[in-house]
file run.cif (mmCIF, C-alpha atoms (C1' of nucleotides))
data_final
#
loop_
_atom_site.label_atom_id
_atom_site.label_comp_id
_atom_site.auth_asym_id
_atom_site.auth_seq_id
_atom_site.Cartn_x
_atom_site.Cartn_y
_atom_site.Cartn_z
CA MET G 1 -33.87 -18.05 28.23
CA GLU G 2 -33.85 -17.46 31.93
CA HIS G 3 -36.45 -15.34 33.59
CA CYS G 4 -36.91 -11.71 32.77
CA ARG G 5 -36.14 -8.87 35.15
CA LYS G 6 -37.42 -5.34 35.23
CA LEU G 7 -35.57 -2.15 35.97
CA THR G 8 -37.51 1.05 36.36
CA LEU G 9 -35.57 4.07 35.22
CA GLU G 10 -35.40 7.01 37.57
CA GLY G 11 -33.08 9.80 38.61
CA SER G 12 -29.84 9.89 36.65
CA ALA G 13 -31.07 7.05 34.42
CA LEU G 14 -33.40 9.47 32.70
CA PRO G 15 -33.49 10.25 29.92
CA PHE G 16 -32.75 6.95 28.22
CA ASP G 17 -33.86 5.69 24.81
CA LEU G 18 -32.79 2.12 24.13
CA ASP G 19 -33.69 2.14 20.43
CA ILE G 20 -31.71 5.26 19.66
CA THR G 21 -28.81 4.12 21.79
CA LEU G 22 -28.45 0.80 20.00
CA ARG G 23 -29.33 2.09 16.54
CA CYS G 24 -27.10 5.15 16.35
CA GLY G 25 -24.04 3.34 15.03
CA GLN G 26 -21.83 3.20 18.11
CA VAL G 27 -22.28 -0.56 18.56
CA PHE G 28 -22.58 -3.07 15.76
CA ARG G 29 -23.71 -6.37 17.25
CA PHE G 30 -27.15 -5.68 18.69
CA GLU G 31 -30.09 -6.76 16.61
CA LYS G 32 -33.75 -6.06 17.16
CA ILE G 33 -35.93 -9.14 16.88
CA GLY G 34 -39.55 -8.26 17.37
CA ARG G 35 -39.69 -6.04 20.41
CA TRP G 36 -36.44 -7.35 21.87
CA TRP G 37 -32.90 -6.20 21.35
CA CYS G 38 -30.56 -9.20 21.35
CA GLY G 39 -26.83 -9.07 21.84
CA VAL G 40 -23.85 -10.39 23.73
CA LEU G 41 -22.47 -8.84 26.91
CA GLU G 42 -19.44 -10.32 28.63
CA ASN G 43 -19.98 -13.70 27.01
CA GLU G 44 -23.64 -13.72 27.98
CA VAL G 45 -26.49 -13.63 25.50
CA ILE G 46 -28.83 -10.92 26.63
CA ARG G 47 -32.10 -9.48 25.44
CA ILE G 48 -33.60 -6.21 26.46
CA ARG G 49 -36.56 -4.02 25.64
CA GLN G 50 -37.91 -0.73 26.85
CA GLU G 51 -41.46 0.26 27.64
CA GLY G 52 -41.48 3.83 28.79
CA ARG G 53 -39.55 3.94 32.02
CA ASP G 54 -39.39 0.18 32.33
CA LEU G 55 -36.42 -1.74 31.09
CA HIS G 56 -37.07 -5.45 30.72
CA PHE G 57 -34.01 -7.63 30.35
CA ALA G 58 -32.79 -11.20 30.61
CA GLY G 59 -29.45 -12.92 30.58
CA THR G 60 -27.54 -10.48 32.76
CA THR G 61 -27.70 -8.54 36.00
CA GLU G 62 -29.13 -5.15 36.78
CA ASP G 63 -25.65 -3.93 37.71
CA GLN G 64 -24.34 -4.91 34.29
CA ILE G 65 -27.20 -3.15 32.55
CA ILE G 66 -26.58 0.00 34.56
CA ARG G 67 -22.87 -0.16 33.86
CA TYR G 68 -23.18 -0.97 30.15
CA PHE G 69 -25.68 1.77 29.43
CA ASP G 70 -24.04 4.12 31.93
CA LEU G 71 -27.35 4.77 33.66
CA ASP G 72 -25.62 6.38 36.64
CA LEU G 73 -24.42 9.19 34.41
CA ASP G 74 -26.34 12.45 34.75
CA LEU G 75 -27.15 12.71 31.07
CA GLU G 76 -29.81 15.34 31.63
CA GLY G 77 -27.23 17.55 33.26
CA ILE G 78 -24.83 17.03 30.36
CA LEU G 79 -27.46 17.92 27.79
CA ARG G 80 -28.51 20.96 29.81
CA GLY G 81 -24.89 22.05 29.98
CA PHE G 82 -24.52 22.21 26.21
CA PRO G 83 -24.19 25.69 24.72
CA ASP G 84 -27.28 27.43 23.45
CA ASP G 85 -27.03 26.33 19.85
CA PRO G 86 -30.02 25.62 17.59
CA LEU G 87 -28.37 22.88 15.53
CA LEU G 88 -27.14 20.93 18.54
CA ALA G 89 -30.47 21.49 20.28
CA SER G 90 -32.31 19.97 17.33
CA ALA G 91 -29.91 17.03 17.32
CA VAL G 92 -30.52 16.50 21.03
CA ARG G 93 -34.25 16.62 20.43
CA HIS G 94 -33.91 14.15 17.56
CA ALA G 95 -31.84 11.62 19.52
CA TYR G 96 -33.04 12.44 23.02
CA GLY G 97 -32.07 9.69 25.44
CA LEU G 98 -29.08 8.44 23.46
CA ARG G 99 -26.43 7.20 25.83
CA ILE G 100 -22.87 6.33 25.00
CA VAL G 101 -22.52 2.67 25.80
CA ARG G 102 -19.56 1.37 27.79
CA GLN G 103 -18.01 -1.01 25.28
CA PRO G 104 -15.37 -3.55 26.22
CA ALA G 105 -12.05 -2.02 25.14
CA TRP G 106 -10.84 -4.82 22.90
CA GLU G 107 -14.19 -5.28 21.17
CA CYS G 108 -14.38 -1.54 20.61
CA ALA G 109 -10.84 -1.31 19.24
CA ALA G 110 -11.28 -4.27 16.90
CA SER G 111 -14.68 -3.06 15.73
CA TYR G 112 -13.47 0.40 14.79
CA ILE G 113 -10.33 -0.92 13.14
CA VAL G 114 -12.51 -2.84 10.69
CA ALA G 115 -14.97 0.08 10.52
CA THR G 116 -12.59 2.43 8.75
CA PHE G 117 -13.48 3.54 5.24
CA ALA G 118 -16.75 1.60 5.32
CA ASN G 119 -20.44 2.14 5.94
CA ILE G 120 -22.32 0.92 8.97
CA PRO G 121 -24.30 -1.95 7.41
CA GLY G 122 -21.08 -3.32 5.95
CA ILE G 123 -19.33 -3.00 9.30
CA ARG G 124 -22.08 -5.00 10.95
CA THR G 125 -21.71 -7.76 8.36
CA ARG G 126 -17.95 -7.96 8.88
CA ILE G 127 -18.16 -8.10 12.64
CA ARG G 128 -20.86 -10.75 12.49
CA LEU G 129 -18.65 -12.87 10.24
CA LEU G 130 -15.65 -12.40 12.53
CA CYS G 131 -17.70 -13.52 15.52
CA GLU G 132 -19.13 -16.53 13.71
CA ARG G 133 -15.73 -17.64 12.50
CA PHE G 134 -13.48 -16.80 15.45
CA GLY G 135 -15.74 -16.27 18.45
CA GLU G 136 -16.66 -18.90 20.98
CA GLU G 137 -20.13 -20.30 20.46
CA ILE G 138 -21.76 -19.55 23.78
CA ARG G 139 -25.15 -20.80 22.68
CA ALA G 140 -26.56 -22.31 19.52
CA GLY G 141 -25.93 -19.70 16.83
CA GLU G 142 -24.71 -17.10 19.33
CA PHE G 143 -21.06 -16.15 19.37
CA ALA G 144 -18.84 -14.19 21.71
CA PHE G 145 -16.58 -11.55 20.29
CA PRO G 146 -13.30 -13.16 19.16
CA LYS G 147 -10.50 -13.15 21.71
CA PRO G 148 -7.41 -11.20 20.62
CA GLY G 149 -5.24 -14.30 20.95
CA THR G 150 -7.45 -16.18 18.53
CA LEU G 151 -7.19 -13.51 15.86
CA ALA G 152 -3.47 -13.01 16.50
CA SER G 153 -2.76 -16.67 15.76
CA SER G 154 -5.05 -16.93 12.75
CA PRO G 155 -3.80 -16.77 9.16
CA LEU G 156 -4.46 -13.45 7.47
CA CYS G 157 -6.40 -15.20 4.73
CA ASP G 158 -8.84 -16.56 7.30
CA ILE G 159 -9.36 -13.12 8.75
CA ARG G 160 -9.77 -11.63 5.30
CA SER G 161 -12.47 -14.16 4.51
CA CYS G 162 -14.64 -12.11 6.85
CA ARG G 163 -14.54 -9.36 4.22
CA VAL G 164 -12.33 -7.04 6.19
CA GLY G 165 -10.20 -6.42 3.11
CA TYR G 166 -6.81 -4.78 3.65
CA ARG G 167 -7.62 -4.29 7.34
CA ASP G 168 -6.78 -7.95 7.98
CA ARG G 169 -3.19 -7.23 8.99
CA PHE G 170 -4.22 -4.25 11.14
CA LEU G 171 -6.69 -6.37 13.04
CA CYS G 172 -4.24 -9.25 13.38
CA GLY G 173 -1.41 -6.93 14.40
CA THR G 174 -3.39 -5.11 17.05
CA ALA G 175 -4.75 -8.43 18.31
CA GLY G 176 -1.17 -9.61 18.77
CA MET G 177 -0.11 -6.52 20.70
CA VAL G 178 -3.19 -6.63 22.89
CA SER G 179 -2.88 -10.33 23.65
CA ASN G 180 0.77 -9.80 24.58
CA GLU G 181 -0.16 -7.19 27.14
CA PRO G 182 -2.89 -8.20 29.54
CA GLY G 183 -4.00 -5.06 31.32
CA TRP G 184 -3.30 -2.82 28.33
CA ASP G 185 -6.69 -1.24 28.80
CA GLU G 186 -6.00 -0.35 32.41
CA ARG G 187 -2.72 1.19 31.37
CA ILE G 188 -4.54 3.33 28.79
CA ALA G 189 -7.25 4.24 31.28
CA ALA G 190 -4.68 5.70 33.66
CA LEU G 191 -3.31 8.15 31.07
CA GLU G 192 -4.30 11.69 30.22
CA TYR G 193 -6.40 12.03 27.08
CA ARG G 194 -3.52 13.07 24.79
CA ASP G 195 -1.17 10.39 26.10
CA ALA G 196 -3.88 7.77 25.93
CA ARG G 197 -4.57 8.66 22.33
CA ARG G 198 -0.91 8.57 21.41
CA GLU G 199 -0.60 5.14 22.99
CA LEU G 200 -3.66 3.80 21.19
CA MET G 201 -2.25 5.06 17.89
CA ARG G 202 0.68 2.67 18.30
CA PHE G 203 -1.72 -0.11 17.36
CA PRO G 204 -1.76 -0.83 13.64
CA GLY G 205 -4.95 0.41 12.03
CA VAL G 206 -5.57 2.86 14.83
CA GLY G 207 -5.21 6.47 13.77
CA ARG G 208 -6.62 9.64 15.28
CA LYS G 209 -10.24 8.90 14.57
CA VAL G 210 -10.26 5.27 15.66
CA ALA G 211 -8.31 6.20 18.79
CA ASP G 212 -10.92 8.83 19.60
CA CYS G 213 -13.69 6.30 19.08
CA ILE G 214 -12.01 3.88 21.48
CA LEU G 215 -11.48 6.62 24.06
CA LEU G 216 -15.06 7.80 23.77
CA PHE G 217 -16.93 4.53 23.44
CA ALA G 218 -14.82 2.25 25.64
CA PHE G 219 -13.10 4.56 28.12
CA HIS G 220 -15.81 7.24 28.26
CA ARG G 221 -13.39 10.08 27.76
CA PHE G 222 -16.04 12.56 26.80
CA GLU G 223 -13.52 15.11 25.58
CA ALA G 224 -12.70 12.73 22.74
CA VAL G 225 -14.33 13.91 19.51
CA PRO G 226 -14.12 11.42 16.66
CA VAL G 227 -14.15 13.38 13.41
CA ASP G 228 -15.43 11.15 10.64
CA VAL G 229 -16.62 12.41 7.26
CA TRP G 230 -20.03 13.30 8.70
CA ILE G 231 -18.76 15.30 11.66
CA ASP G 232 -16.15 16.89 9.43
CA ARG G 233 -18.93 18.01 7.10
CA ILE G 234 -21.20 19.25 9.88
CA MET G 235 -18.42 21.17 11.62
CA ARG G 236 -17.20 22.81 8.43
CA THR G 237 -20.69 23.72 7.30
CA HIS G 238 -22.13 24.97 10.55
CA TYR G 239 -19.35 25.82 12.99
CA LEU G 240 -16.18 26.75 11.09
CA GLU G 241 -15.16 29.44 8.66
CA GLU G 242 -16.23 28.56 5.17
CA GLY G 243 -13.44 27.31 2.93
CA GLY G 244 -10.94 27.32 5.78
CA ARG G 245 -8.27 24.65 5.97
CA TYR G 246 -8.67 22.65 9.14
CA SER G 247 -6.78 19.61 10.29
CA TYR G 248 -8.42 16.79 12.20
CA ASP G 249 -7.12 18.10 15.51
CA GLN G 250 -8.19 21.64 14.77
CA ILE G 251 -11.75 20.49 14.11
CA ALA G 252 -11.79 18.41 17.27
CA ASP G 253 -10.31 21.30 19.27
CA GLU G 254 -12.98 23.63 17.89
CA ALA G 255 -15.66 21.15 18.88
CA ARG G 256 -14.26 21.02 22.42
CA ALA G 257 -14.12 24.82 22.54
CA ILE G 258 -17.70 25.15 21.34
CA PHE G 259 -19.39 22.23 23.08
CA GLY G 260 -17.36 21.99 26.28
CA PRO G 261 -16.05 19.08 28.34
CA TYR G 262 -18.73 16.71 27.01
CA ALA G 263 -17.96 17.51 23.38
CA GLY G 264 -17.83 13.79 22.67
CA TYR G 265 -21.48 13.52 23.65
CA ALA G 266 -22.35 16.51 21.48
CA GLN G 267 -20.52 14.84 18.62
CA GLU G 268 -22.57 11.68 19.10
CA TYR G 269 -25.86 13.53 19.04
CA LEU G 270 -24.84 15.39 15.89
CA PHE G 271 -23.78 12.08 14.34
CA ALA G 272 -27.08 10.48 15.28
CA ALA G 273 -28.91 13.37 13.61
CA ARG G 274 -26.60 13.55 10.58
CA ASN G 275 -29.30 12.67 8.08
CA GLN G 276 -31.58 15.39 9.42
CA ILE G 277 -28.91 18.08 9.26
CA LYS G 278 -29.03 19.96 6.01
CA LYS G 279 -25.79 20.54 4.18
"C1'" DC Z 1 -23.66 0.87 -12.55
"C1'" DT Z 2 -21.80 4.47 -9.87
"C1'" DC Z 3 -20.95 6.47 -5.60
"C1'" DC Z 4 -19.59 6.47 -1.02
"C1'" DA Z 5 -18.56 5.03 3.67
"C1'" DG Z 6 -17.39 6.15 11.92
"C1'" DG Z 7 -9.59 6.42 7.77
"C1'" DC Z 8 -5.22 4.47 7.73
"C1'" DA Z 9 -0.31 3.77 6.42
"C1'" DG Z 10 3.21 5.00 3.51
"C1'" DC Z 11 5.17 8.27 0.90
"C1'" DC Z 12 7.22 12.73 -0.35
"C1'" DA Z 13 8.41 17.49 0.12
"C1'" DT E 1 4.39 18.62 10.21
"C1'" DG E 2 1.47 18.62 6.23
"C1'" DG E 3 -0.49 17.08 1.86
"C1'" DC E 4 -1.28 13.26 -1.36
"C1'" DT E 5 -2.47 8.41 -2.65
"C1'" DG E 6 -3.77 3.51 -2.69
"C1'" DC E 7 -6.67 0.65 -0.52
"C1'" DA E 8 -10.95 -3.90 -0.40
"C1'" DT E 9 -15.67 -4.15 0.22
"C1'" DG E 10 -20.56 -3.99 0.11
"C1'" DG E 11 -24.74 -1.28 0.75
"C1'" DA E 12 -27.61 2.29 -1.20
#

call {"tool": "encode", "arguments": {"input": "run.cif", "output": "structure tokens"}}
result
Amino acid sequence: MEHCRKLTLEGSALPFDLDITLRCGQVFRFEKIGRWWCGVLENEVIRIRQEGRDLHFAGTTEDQIIRYFDLDLDLEGILRGFPDDPLLASAVRHAYGLRIVRQPAWECAASYIVATFANIPGIRTRIRLLCERFGEEIRAGEFAFPKPGTLASSPLCDIRSCRVGYRDRFLCGTAGMVSNEPGWDERIAALEYRDARRELMRFPGVGRKVADCILLFAFHRFEAVPVDVWIDRIMRTHYLEEGGRYSYDQIADEARAIFGPYAGYAQEYLFAARNQIKK
DNA sequence: CTCCAGGCAGCCA
DNA sequence: TGGCTGCATGGA
């Protein structure tokens, strides 16, 4: 591996916690080996570790690190702007320094399509298998994320062999649509949140929740609030009227009303602290 | 073994 | 529009 660089975090880059950021379940391909996190960024194998304010990394540029981890974002200001709420405050304390990573749009979409109705360890296994089978080998034993064209032209049975189950045709179908429209992500990025979500939901396997995940994790639309079973539970138990009937959009709207324009970030901190939040 | 998971599409009223 | 149901799979 090429030589290691160092980036000292300061200003907007604080707070930042690499472990929490890569462990919280927003990304599925990073793996911690010893003290190093190893993963693939833009077809480059990278490794990175944090020691206090120092970020040591290899395999990519400082600009890419800053962009991927969104270190120019004033996270402290966002956290300070949250409403005075004890549950959210405890979640922020628990996951302090978590940053929403800027995922490539296609990788994010494909990942969350195969993430539906599954648990995180299983998702990681599936995505690893997809990369090993369909991704370009960029180094011995290291694979890029599969290109949409590759998946679109692969037999469903081959895709299913990566244990994606019934999601095989969703993944293949979305891969086909994406590969037929270069620049689809820029088109989405130019739209208002509601329009962007509606457009994303035209992809097979992309419903409200997956669309919100793509908008939050790839496009950094921080008003997007993915409501999975955990967030649904937390919102109903702690923020909504007991026994009330709430649709997905009503819960997300409530979250935006309570947490403000960075509700997506609040959601992510609550998700990261889900096992510490009592039912 | 049972339960459950970063839900979705396809129905039906 | 809103509620119900089947769905493949593996990790805990």

call {"tool": "residues_around", "arguments": {"input": "run.cif", "residues": "E:DC7", "least_positions_apart": "6", "cutoff": "10 Å", "atoms": "all atoms listed in the file", "output": "list in words"}}
result
Phe117, Gly165, Tyr166 and Arg167 of chain G; DC8 and DA9 of chain Z

call {"tool": "interface_residues", "arguments": {"input": "run.cif", "of": "chain G", "to": "chain E", "cutoff": "12 Å", "atoms": "only C-alpha atoms (C1' of nucleotides)", "output": "VMD selection string"}}
result
chain G and resid 114 to 126 160 to 168 245 to 248

call {"tool": "resolve_selection", "arguments": {"input": "run.cif", "expression": "the PyMOL selection byres ((chain G and resi 102-111) around 9)", "output": "VMD selection string"}}
result
chain G and resid 27 to 28 41 to 42 67 to 70 100 to 101 112 to 115 123 127 145 to 148 171 174 to 175 178 185 206 210 to 211 213 to 220

call {"tool": "resolve_selection", "arguments": {"input": "run.cif", "expression": "the PyMOL selection byres ((chain G and resi 252) around 8)", "output": "PyMOL selection string"}}
result
chain G and resi 224-227+248-251+253-256

call {"tool": "atom_distance", "arguments": {"input": "run.cif", "atom1": "atom CA of G:Asp228", "atom2": "atom CA of G:Ile277"}}
result
15.2 Å
